[in-house]
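Here is the file my_file21.csv (CSV, C-alpha atoms).
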```csv
chain,number,residue,atom,x,y,z
A,1,MET,CA,110.0,104.2,78.9
A,2,SER,CA,113.4,105.9,78.9
A,3,ASP,CA,112.0,109.4,79.6
A,4,VAL,CA,110.2,108.4,82.8
A,5,ALA,CA,111.7,109.0,86.2
A,6,HIS,CA,110.5,106.0,88.1
A,7,ASP,CA,110.3,106.2,91.9
A,8,THR,CA,111.9,109.7,91.9
A,9,PRO,CA,110.0,112.7,93.0
A,10,VAL,CA,109.2,115.0,90.2
A,11,SER,CA,110.2,118.7,90.6
A,12,HIS,CA,108.6,121.2,88.3
A,13,HIS,CA,110.7,124.1,89.4
A,14,ASP,CA,114.0,123.5,87.6
A,15,GLU,CA,113.3,125.6,84.6
A,16,HIS,CA,113.1,129.0,86.1
A,17,GLU,CA,113.1,132.0,83.8
A,18,SER,CA,114.1,135.6,84.6
A,19,THR,CA,110.6,136.1,86.2
A,20,GLY,CA,111.3,133.3,88.7
A,21,ILE,CA,108.5,131.2,87.2
A,22,ASP,CA,108.4,128.8,84.3
A,23,ASN,CA,107.3,130.7,81.1
A,24,ARG,CA,104.7,128.0,80.3
A,25,LYS,CA,103.1,128.4,83.7
A,26,LEU,CA,103.2,132.2,83.5
A,27,GLY,CA,101.5,131.9,80.1
A,28,MET,CA,98.8,129.8,81.5
A,29,TRP,CA,98.2,132.3,84.3
A,30,VAL,CA,97.9,135.1,81.8
A,31,PHE,CA,95.6,133.0,79.6
A,32,LEU,CA,93.3,132.3,82.6
A,33,SER,CA,93.4,135.9,83.6
A,34,SER,CA,92.0,136.8,80.1
A,35,GLU,CA,89.3,134.1,80.5
A,36,PHE,CA,87.8,136.3,83.2
A,37,MET,CA,86.8,138.8,80.5
A,38,PHE,CA,85.3,136.0,78.4
A,39,PHE,CA,83.1,134.5,81.2
A,40,GLY,CA,82.5,138.0,82.6
A,41,ALA,CA,80.9,139.0,79.3
A,42,LEU,CA,78.7,135.9,79.3
A,43,ILE,CA,77.6,136.3,82.9
A,44,ALA,CA,76.9,140.0,82.4
A,45,THR,CA,74.7,139.2,79.4
A,46,TYR,CA,72.8,136.6,81.4
A,47,LEU,CA,72.2,139.1,84.2
A,48,LEU,CA,71.0,141.6,81.7
A,49,TYR,CA,68.3,139.4,80.3
A,50,SER,CA,67.6,136.9,83.1
A,51,ASN,CA,64.6,138.6,84.5
A,52,ARG,CA,63.7,141.1,81.8
A,53,GLY,CA,60.1,140.4,81.1
A,54,GLY,CA,58.1,141.0,77.9
A,55,PHE,CA,59.3,137.9,76.0
A,56,GLU,CA,57.5,134.7,75.2
A,57,GLY,CA,58.5,131.3,76.4
A,58,THR,CA,60.0,129.8,79.6
A,59,TYR,CA,62.6,131.6,81.5
A,60,PRO,CA,65.5,129.6,83.0
A,61,SER,CA,65.0,130.9,86.5
A,62,GLU,CA,61.4,129.4,86.5
A,63,ILE,CA,62.6,125.9,86.0
A,64,TYR,CA,66.0,125.5,87.7
A,65,ASP,CA,66.4,122.2,89.6
A,66,ILE,CA,68.5,123.4,92.5
A,67,PRO,CA,69.0,120.1,94.2
A,68,PHE,CA,70.2,118.5,91.0
A,69,THR,CA,72.6,121.4,90.1
A,70,SER,CA,73.9,121.4,93.7
A,71,VAL,CA,75.0,117.8,93.3
A,72,SER,CA,76.6,118.6,90.0
A,73,SER,CA,78.4,121.5,91.6
A,74,PHE,CA,79.6,119.2,94.4
A,75,VAL,CA,80.9,116.7,91.8
A,76,LEU,CA,82.9,119.4,90.0
A,77,LEU,CA,84.3,120.8,93.3
A,78,MET,CA,85.5,117.3,94.3
A,79,SER,CA,87.2,116.9,91.0
A,80,SER,CA,89.5,119.7,92.1
A,81,LEU,CA,90.5,117.6,95.1
A,82,THR,CA,91.3,114.5,92.9
A,83,ARG,CA,93.3,116.7,90.6
A,84,VAL,CA,95.6,118.0,93.4
A,85,LEU,CA,95.9,114.5,94.8
A,86,ALA,CA,97.2,113.5,91.3
A,87,HIS,CA,99.7,116.3,91.4
A,88,ASN,CA,100.7,115.3,94.9
A,89,ALA,CA,101.2,111.6,93.9
A,90,LEU,CA,103.3,112.6,90.9
A,91,SER,CA,105.5,114.9,93.0
A,92,LYS,CA,106.2,111.8,95.2
A,93,GLY,CA,107.0,109.7,92.2
A,94,ASP,CA,103.8,107.6,92.7
A,95,GLN,CA,102.9,106.9,89.1
A,96,ASN,CA,100.1,104.5,89.9
A,97,GLY,CA,98.5,107.0,92.3
A,98,THR,CA,98.9,109.8,89.7
A,99,ARG,CA,97.0,107.7,87.1
A,100,THR,CA,94.2,106.7,89.5
A,101,TRP,CA,93.6,110.3,90.6
A,102,LEU,CA,93.9,111.6,87.0
A,103,PHE,CA,91.2,109.1,85.9
A,104,ALA,CA,89.0,110.0,88.9
A,105,THR,CA,89.3,113.7,87.9
A,106,ALA,CA,88.3,113.0,84.3
A,107,ALA,CA,85.5,110.8,85.5
A,108,LEU,CA,84.1,113.4,87.8
A,109,GLY,CA,84.3,115.9,85.0
A,110,ALA,CA,82.4,113.5,82.7
A,111,VAL,CA,79.7,113.1,85.4
A,112,PHE,CA,79.3,116.9,85.6
A,113,LEU,CA,79.0,117.0,81.8
A,114,GLY,CA,76.4,114.2,81.8
A,115,GLY,CA,74.4,116.2,84.4
A,116,GLN,CA,74.6,119.2,82.1
A,117,VAL,CA,73.4,117.2,79.1
A,118,PHE,CA,70.5,115.8,81.2
A,119,GLU,CA,69.6,119.4,82.4
A,120,PHE,CA,69.6,120.8,78.9
A,121,THR,CA,67.5,117.8,77.6
A,122,GLU,CA,65.0,118.3,80.4
A,123,PHE,CA,64.7,122.0,79.7
A,124,VAL,CA,64.2,121.4,76.0
A,125,THR,CA,61.8,118.4,76.1
A,126,LYS,CA,59.9,119.1,79.3
A,127,TYR,CA,59.7,122.9,79.4
A,128,ASP,CA,60.2,123.7,75.7
A,129,MET,CA,63.0,126.2,76.5
A,130,THR,CA,65.3,126.2,73.5
A,131,LEU,CA,68.2,128.4,72.5
A,132,SER,CA,65.9,130.8,70.7
A,133,SER,CA,63.0,130.8,73.2
A,134,ASN,CA,63.9,134.3,74.6
A,135,PRO,CA,67.0,136.3,75.3
A,136,ALA,CA,67.3,134.9,78.9
A,137,ALA,CA,67.3,131.3,77.5
A,138,SER,CA,69.9,132.2,74.9
A,139,ALA,CA,72.1,133.8,77.4
A,140,PHE,CA,71.7,130.8,79.8
A,141,TYR,CA,72.6,128.2,77.2
A,142,LEU,CA,75.5,130.3,75.9
A,143,LEU,CA,77.0,130.7,79.3
A,144,THR,CA,76.6,127.2,80.6
A,145,GLY,CA,77.3,125.7,77.2
A,146,PHE,CA,80.6,127.5,76.9
A,147,HIS,CA,81.5,126.5,80.5
A,148,GLY,CA,80.6,122.9,79.6
A,149,THR,CA,82.8,123.1,76.5
A,150,HIS,CA,85.7,124.2,78.8
A,151,VAL,CA,85.0,121.2,81.0
A,152,ALA,CA,84.9,118.9,78.0
A,153,ILE,CA,88.3,120.2,76.8
A,154,GLY,CA,89.7,119.7,80.3
A,155,VAL,CA,88.4,116.1,80.4
A,156,ILE,CA,90.1,115.4,77.0
A,157,MET,CA,93.4,116.9,78.3
A,158,LEU,CA,93.2,114.8,81.5
A,159,LEU,CA,92.4,111.6,79.7
A,160,SER,CA,95.3,112.4,77.3
A,161,LEU,CA,97.7,112.6,80.2
A,162,TRP,CA,96.2,109.5,81.7
A,163,GLY,CA,96.7,107.7,78.4
A,164,ILE,CA,100.3,108.9,78.0
A,165,SER,CA,101.0,107.7,81.6
A,166,ARG,CA,99.5,104.3,80.9
A,167,ARG,CA,101.3,103.9,77.6
A,168,ARG,CA,104.7,105.0,78.9
A,169,GLY,CA,104.5,103.6,82.4
A,170,GLY,CA,104.4,107.0,84.0
A,171,LEU,CA,104.7,110.8,83.4
A,172,SER,CA,108.1,112.3,82.9
A,173,GLU,CA,109.2,115.6,84.4
A,174,LYS,CA,108.1,117.5,81.2
A,175,GLN,CA,104.7,115.8,81.3
A,176,GLY,CA,104.6,116.7,85.0
A,177,MET,CA,104.6,120.3,84.0
A,178,SER,CA,101.7,119.5,81.5
A,179,LEU,CA,99.8,118.1,84.5
A,180,GLU,CA,100.4,121.3,86.4
A,181,LEU,CA,99.2,123.4,83.5
A,182,VAL,CA,96.1,121.2,82.9
A,183,GLY,CA,95.5,121.4,86.6
A,184,LEU,CA,95.5,125.2,86.6
A,185,TYR,CA,93.0,125.2,83.7
A,186,TRP,CA,90.8,122.6,85.5
A,187,HIS,CA,90.7,124.6,88.8
A,188,PHE,CA,89.9,127.7,86.8
A,189,VAL,CA,86.9,125.9,85.2
A,190,ASP,CA,85.9,125.0,88.8
A,191,ILE,CA,86.1,128.5,90.1
A,192,ILE,CA,84.0,129.8,87.2
A,193,TRP,CA,81.4,127.3,88.1
A,194,ILE,CA,81.4,128.5,91.7
A,195,VAL,CA,80.5,132.0,90.4
A,196,ILE,CA,77.9,130.6,87.9
A,197,PHE,CA,76.3,128.4,90.5
A,198,THR,CA,75.8,131.4,92.9
A,199,VAL,CA,75.0,134.2,90.4
A,200,VAL,CA,73.0,132.3,87.8
A,201,TYR,CA,71.3,129.5,89.9
A,202,LEU,CA,71.1,130.5,93.6
A,203,LEU,CA,70.5,134.2,93.1
A,204,SER,CA,68.0,133.7,90.2
A,205,VAL,CA,65.0,135.9,90.2
A,206,PRO,CA,62.0,134.9,87.9
A,207,PRO,CA,60.8,137.7,85.6
A,208,ALA,CA,58.3,140.2,86.9
B,1,MET,CA,116.6,122.8,97.8
B,2,THR,CA,113.0,123.5,98.6
B,3,THR,CA,110.7,120.9,97.0
B,4,GLU,CA,107.0,121.0,96.5
B,5,HIS,CA,106.5,118.7,99.5
B,6,ASP,CA,107.8,121.4,101.8
B,7,THR,CA,105.6,124.2,100.5
B,8,HIS,CA,102.4,122.7,99.2
B,9,PRO,CA,99.7,121.3,101.4
B,10,SER,CA,99.7,117.6,102.3
B,11,PRO,CA,97.0,115.1,101.0
B,12,ALA,CA,95.4,115.3,104.5
B,13,GLN,CA,95.2,119.1,104.2
B,14,TYR,CA,93.7,118.8,100.7
B,15,TRP,CA,91.0,116.5,102.1
B,16,LYS,CA,90.2,119.0,104.9
B,17,ILE,CA,90.0,121.9,102.3
B,18,ALA,CA,87.6,119.7,100.2
B,19,ALA,CA,85.5,119.1,103.3
B,20,LEU,CA,85.4,122.8,104.0
B,21,LEU,CA,84.3,123.5,100.4
B,22,ALA,CA,81.6,120.9,100.7
B,23,VAL,CA,80.3,122.5,103.9
B,24,LEU,CA,80.3,125.9,102.3
B,25,THR,CA,78.3,124.5,99.4
B,26,VAL,CA,75.7,123.0,101.7
B,27,PHE,CA,75.5,126.3,103.5
B,28,GLU,CA,74.9,128.1,100.1
B,29,VAL,CA,72.1,125.7,99.1
B,30,ALA,CA,70.6,126.0,102.6
B,31,MET,CA,70.6,129.9,102.2
B,32,PHE,CA,68.7,129.5,98.9
B,33,TYR,CA,65.9,127.7,100.7
B,34,ILE,CA,66.0,129.9,103.8
B,35,ASP,CA,65.6,132.9,101.5
B,36,ARG,CA,62.6,131.3,99.9
B,37,GLU,CA,60.9,131.0,103.3
B,38,LEU,CA,62.0,134.2,104.9
B,39,GLY,CA,62.6,136.5,101.9
B,40,LEU,CA,66.0,137.9,103.1
B,41,GLY,CA,66.5,139.8,99.8
B,42,GLY,CA,69.7,141.8,99.8
B,43,LEU,CA,71.1,140.0,102.9
B,44,ASN,CA,70.8,136.6,101.1
B,45,ALA,CA,72.6,138.0,98.1
B,46,LEU,CA,75.4,139.4,100.3
B,47,ILE,CA,75.8,136.1,102.2
B,48,LEU,CA,75.8,134.0,98.9
B,49,ILE,CA,78.3,136.2,97.2
B,50,SER,CA,80.5,136.2,100.3
B,51,LEU,CA,80.4,132.4,100.4
B,52,ALA,CA,81.2,132.1,96.7
B,53,LEU,CA,84.1,134.5,97.1
B,54,LEU,CA,85.4,132.5,100.0
B,55,LYS,CA,85.2,129.2,97.9
B,56,PHE,CA,86.9,131.0,95.0
B,57,VAL,CA,89.8,132.2,97.2
B,58,ILE,CA,90.2,128.8,98.8
B,59,VAL,CA,90.4,127.0,95.4
B,60,VAL,CA,92.7,129.6,93.9
B,61,GLY,CA,95.0,129.9,97.0
B,62,TRP,CA,95.3,126.2,98.0
B,63,TYR,CA,94.3,124.1,95.0
B,64,MET,CA,95.9,126.3,92.3
B,65,HIS,CA,98.7,127.0,94.7
B,66,LEU,CA,98.7,130.7,94.1
B,67,ARG,CA,99.6,131.5,97.7
B,68,PHE,CA,102.7,129.4,97.2
B,69,GLU,CA,103.8,131.1,94.0
B,70,ASN,CA,105.8,134.2,93.6
B,71,ALA,CA,104.0,137.6,93.1
B,72,ILE,CA,103.9,137.7,89.3
B,73,PRO,CA,101.1,135.1,88.5
B,74,SER,CA,99.2,136.4,91.5
B,75,ARG,CA,99.3,140.0,90.1
B,76,PHE,CA,98.3,138.9,86.6
B,77,PHE,CA,95.4,136.7,87.9
B,78,THR,CA,94.1,139.3,90.4
B,79,ALA,CA,94.4,142.1,87.8
B,80,GLY,CA,92.3,140.1,85.3
B,81,ALA,CA,89.7,139.3,87.9
B,82,ILE,CA,89.4,142.8,89.2
B,83,LEU,CA,89.4,144.3,85.7
B,84,ALA,CA,86.6,141.9,84.6
B,85,VAL,CA,84.4,142.4,87.7
B,86,GLY,CA,84.9,146.2,87.6
B,87,LEU,CA,84.2,146.5,83.9
B,88,TYR,CA,81.0,144.4,84.0
B,89,LEU,CA,79.8,146.0,87.1
B,90,VAL,CA,80.0,149.4,85.3
B,91,VAL,CA,78.2,147.9,82.3
B,92,LEU,CA,75.5,146.4,84.4
B,93,SER,CA,75.0,149.5,86.4
B,94,ALA,CA,74.8,151.6,83.2
B,95,MET,CA,72.1,149.1,82.0
B,96,GLY,CA,70.2,149.5,85.3
B,97,VAL,CA,70.7,145.8,86.4
B,98,VAL,CA,73.1,146.6,89.3
B,99,VAL,CA,72.5,149.7,91.5
B,100,ILE,CA,75.8,151.0,92.9
B,101,ARG,CA,75.1,153.5,95.7
B,102,GLY,CA,77.8,156.1,96.4
```
As structure tokens, what does this structure read like?
Amino acid sequence: MSDVAHDTPVSHHDEHESTGIDNRKLGMWVFLSSEFMFFGALIATYLLYSNRGGFEGTYPSEIYDIPFTSVSSFVLLMSSLTRVLAHNALSKGDQNGTRTWLFATAALGAVFLGGQVFEFTEFVTKYDMTLSSNPAASAFYLLTGFHGTHVAIGVIMLLSLWGISRRRGGLSEKQGMSLELVGLYWHFVDIIWIVIFTVVYLLSVPPA
Amino acid sequence: MTTEHDTHPSPAQYWKIAALLAVLTVFEVAMFYIDRELGLGGLNALILISLALLKFVIVVGWYMHLRFENAIPSRFFTAGAILAVGLYLVVLSAMGVVVIRG
């Protein structure tokens, strides 16, 4: 309990480096910048194969459930709101509020993941579209699966912070920086989904 | 000393931003169905990509607080995004998926 600053606003800007920004935070920004390459490759691969005809099996663009995916997208988007509210609560020293919003963020992330599991299950059982059905299906599962993995890692990190906060009665200043770093990661996962939702789902063109 | 409370948006502003993001998402989905009926083609793609870009910028600027940070993370992040988009646009145009008109 001793390392928790009760009822005192938490400032994350004390540890400035020569760059004027905390090294851990700068490291996270650089890491996220490199993640553009990673997801860029997966999105480009999907675009390359998404409507290339001549292969057997069901194509993802033929079976998308847009209303369902729209709700999933909305859920993930709102998890970004709850994350910033957790950050805001911590900066005001409101440890209960921080815990509540942290849990809400993790819960919304889990709902999104549940939706993805449901979507994959439907595609496999109802439409017989598996990872090896055709290159478009492989690219689709690879892209959305890797994104889902990122969300799952984010949920684990959020729940870890929530657990630490519950156990120790609140987050310390050092853990406040961890919340900020996890937050950056979480919002990045959200913006990648914004791109995937538009490029992969809404702009999908079935094969000729 | 400047604290986060002075520079970062308030909870009320965060809710307003979330409402704007929700409206933009509804508009995106509506465009999908409008395109199905009217066959807007390239115009639909332009509108949807613009809406996604707007949502992207709002989340990065306000929720990731990039507009409140100093220039270094902004430069890193923007450079990564531009490099990735540029590289894969070239790859996709070379493969004939994206046509870039000069």
Each residue of chain B lying at most 6 Å from chain A should get a row with its shortest atom-to-atom pair and the distance in Å to one decimal, counting only C-alpha atoms; could you produce that, ordered by chain and increasing number, as JSON lines?
```
{"residue": "B:Phe32", "atom": "CA", "partner": "A:Leu202", "partner_atom": "CA", "distance": 5.9}
{"residue": "B:Phe56", "atom": "CA", "partner": "A:Ile191", "partner_atom": "CA", "distance": 5.6}
{"residue": "B:Met64", "atom": "CA", "partner": "A:Leu184", "partner_atom": "CA", "distance": 5.8}
{"residue": "B:Pro73", "atom": "CA", "partner": "A:Trp29", "partner_atom": "CA", "distance": 5.8}
{"residue": "B:Phe77", "atom": "CA", "partner": "A:Ser33", "partner_atom": "CA", "distance": 4.8}
{"residue": "B:Gly80", "atom": "CA", "partner": "A:Ser33", "partner_atom": "CA", "distance": 4.7}
{"residue": "B:Ala81", "atom": "CA", "partner": "A:Phe36", "partner_atom": "CA", "distance": 5.9}
{"residue": "B:Ala84", "atom": "CA", "partner": "A:Met37", "partner_atom": "CA", "distance": 5.1}
```
What is the atom CA of B:Ala22 to atom CA of A:Leu76 distance in Å?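 Between atom CA of B:Ala22 and atom CA of A:Leu76 the gap is 10.9 Å.
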Report the distance between atom CA of A:His147 and atom CA of A:Val189 in Å, rounded to one decimal place.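 Interatomic distance, atom CA of A:His147 to atom CA of A:Val189: 7.2 Å.
The spacing separating atom CA of A:Leu102 from atom CA of A:Gln175 amounts to 12.9 Å.
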Give me the residues near A:Trp162 as a list in words, where near means some atom within 9 Å (using all atoms listed in the file) and where sequence neighbours in that chain fewer than 4 positions away do not count. Thr98, Arg99, Thr100, Leu102, Phe103, Met157, Leu158, Arg166, Arg167, Gly170 and Leu171 of chain A
Minimum-distance residue to B:Val29, chosen among B:Val97, B:Val57, B:Leu92, B:Ile47 (using all atoms listed in the file):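 Using all atoms listed in the file, the shortest distance to B:Val29 belongs to B:Ile47.
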A:Glu122: which residues within 12 Å, counting only C-alpha atoms, same-chain residues fewer than 5 positions away excluded, as a ChimeraX atom specification? /A:60,63-65,68,115-117,127-130
Nearby residues (only C-alpha atoms) at most 9 Å from B:Leu24, same-chain spacing under 5 positions excluded, as a PyMOL selection string: chain B and resi 19+29+51-52+54-55
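For the residues A:Ala107, A:Phe118, A:Gly145, A:His87, ranking by smallest atom-to-atom distance to B:Pro9 using all atoms listed in the file places A:His87 first.
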Taking the structure in the block just given, could you write stretch 37-71 of chain B with N, CA and C atoms, as a short mmCIF file (atom, residue, chain, number, x, y, z; two decimals), in the first residue's frame?
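Heads up, here's the output in out_2.cif:
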```
data_model
loop_
_atom_site.label_atom_id
_atom_site.label_comp_id
_atom_site.auth_asym_id
_atom_site.auth_seq_id
_atom_site.Cartn_x
_atom_site.Cartn_y
_atom_site.Cartn_z
N GLU B 37 -27.21 0.04 -53.22
CA GLU B 37 -28.41 0.43 -53.98
C GLU B 37 -28.06 1.25 -55.21
N LEU B 38 -27.13 2.19 -55.03
CA LEU B 38 -26.86 3.16 -56.10
C LEU B 38 -25.60 2.86 -56.92
N GLY B 39 -24.73 2.00 -56.40
CA GLY B 39 -23.49 1.66 -57.12
C GLY B 39 -22.60 2.87 -57.33
N LEU B 40 -22.21 3.51 -56.25
CA LEU B 40 -21.41 4.74 -56.35
C LEU B 40 -19.97 4.49 -56.79
N GLY B 41 -19.50 3.27 -56.61
CA GLY B 41 -18.15 2.90 -57.05
C GLY B 41 -17.04 3.68 -56.37
N GLY B 42 -16.26 4.39 -57.21
CA GLY B 42 -15.09 5.12 -56.71
C GLY B 42 -15.43 6.19 -55.68
N LEU B 43 -16.61 6.82 -55.84
CA LEU B 43 -17.02 7.86 -54.90
C LEU B 43 -17.24 7.27 -53.51
N ASN B 44 -17.85 6.08 -53.47
CA ASN B 44 -18.07 5.40 -52.19
C ASN B 44 -16.73 5.10 -51.52
N ALA B 45 -15.78 4.61 -52.30
CA ALA B 45 -14.45 4.30 -51.75
C ALA B 45 -13.80 5.56 -51.19
N LEU B 46 -13.92 6.65 -51.94
CA LEU B 46 -13.33 7.92 -51.49
C LEU B 46 -13.95 8.39 -50.18
N ILE B 47 -15.29 8.31 -50.11
CA ILE B 47 -15.99 8.76 -48.89
C ILE B 47 -15.62 7.87 -47.70
N LEU B 48 -15.64 6.54 -47.92
CA LEU B 48 -15.34 5.62 -46.81
C LEU B 48 -13.90 5.77 -46.31
N ILE B 49 -12.97 5.93 -47.23
CA ILE B 49 -11.56 6.09 -46.81
C ILE B 49 -11.39 7.43 -46.07
N SER B 50 -12.09 8.46 -46.55
CA SER B 50 -12.02 9.77 -45.87
C SER B 50 -12.58 9.68 -44.45
N LEU B 51 -13.70 8.96 -44.30
CA LEU B 51 -14.31 8.81 -42.97
C LEU B 51 -13.39 8.03 -42.03
N ALA B 52 -12.77 6.96 -42.58
CA ALA B 52 -11.85 6.15 -41.76
C ALA B 52 -10.65 6.99 -41.34
N LEU B 53 -10.16 7.80 -42.28
CA LEU B 53 -9.00 8.66 -41.98
C LEU B 53 -9.36 9.68 -40.90
N LEU B 54 -10.57 10.22 -40.99
CA LEU B 54 -11.03 11.19 -39.99
C LEU B 54 -11.11 10.54 -38.60
N LYS B 55 -11.68 9.33 -38.53
CA LYS B 55 -11.76 8.61 -37.26
C LYS B 55 -10.37 8.31 -36.72
N PHE B 56 -9.48 7.90 -37.62
CA PHE B 56 -8.09 7.60 -37.27
C PHE B 56 -7.42 8.82 -36.62
N VAL B 57 -7.57 9.96 -37.27
CA VAL B 57 -6.93 11.20 -36.78
C VAL B 57 -7.53 11.63 -35.44
N ILE B 58 -8.84 11.47 -35.29
CA ILE B 58 -9.50 11.85 -34.02
C ILE B 58 -8.98 10.99 -32.88
N VAL B 59 -8.91 9.66 -33.09
CA VAL B 59 -8.44 8.77 -32.02
C VAL B 59 -6.97 9.06 -31.68
N VAL B 60 -6.15 9.21 -32.72
CA VAL B 60 -4.72 9.46 -32.48
C VAL B 60 -4.52 10.82 -31.81
N GLY B 61 -5.21 11.83 -32.28
CA GLY B 61 -5.02 13.18 -31.77
C GLY B 61 -5.55 13.39 -30.36
N TRP B 62 -6.78 12.91 -30.12
CA TRP B 62 -7.43 13.22 -28.83
C TRP B 62 -7.31 12.08 -27.81
N TYR B 63 -7.55 10.84 -28.25
CA TYR B 63 -7.49 9.74 -27.29
C TYR B 63 -6.04 9.31 -27.00
N MET B 64 -5.19 9.35 -28.03
CA MET B 64 -3.77 9.01 -27.80
C MET B 64 -2.99 10.26 -27.40
N HIS B 65 -3.67 11.38 -27.38
CA HIS B 65 -3.09 12.66 -26.93
C HIS B 65 -1.89 13.12 -27.76
N LEU B 66 -1.83 12.68 -29.00
CA LEU B 66 -0.66 13.04 -29.81
C LEU B 66 -0.60 14.54 -30.07
N ARG B 67 -1.77 15.19 -30.16
CA ARG B 67 -1.75 16.63 -30.42
C ARG B 67 -1.29 17.42 -29.20
N PHE B 68 -1.22 16.74 -28.03
CA PHE B 68 -0.76 17.43 -26.83
C PHE B 68 0.69 17.09 -26.49
N GLU B 69 1.28 16.15 -27.26
CA GLU B 69 2.67 15.75 -27.02
C GLU B 69 3.61 16.69 -27.76
N ASN B 70 4.92 16.53 -27.48
CA ASN B 70 5.87 17.33 -28.26
C ASN B 70 6.04 16.68 -29.65
N ALA B 71 6.86 17.25 -30.48
CA ALA B 71 6.91 16.86 -31.89
C ALA B 71 7.53 15.49 -32.14
#
```
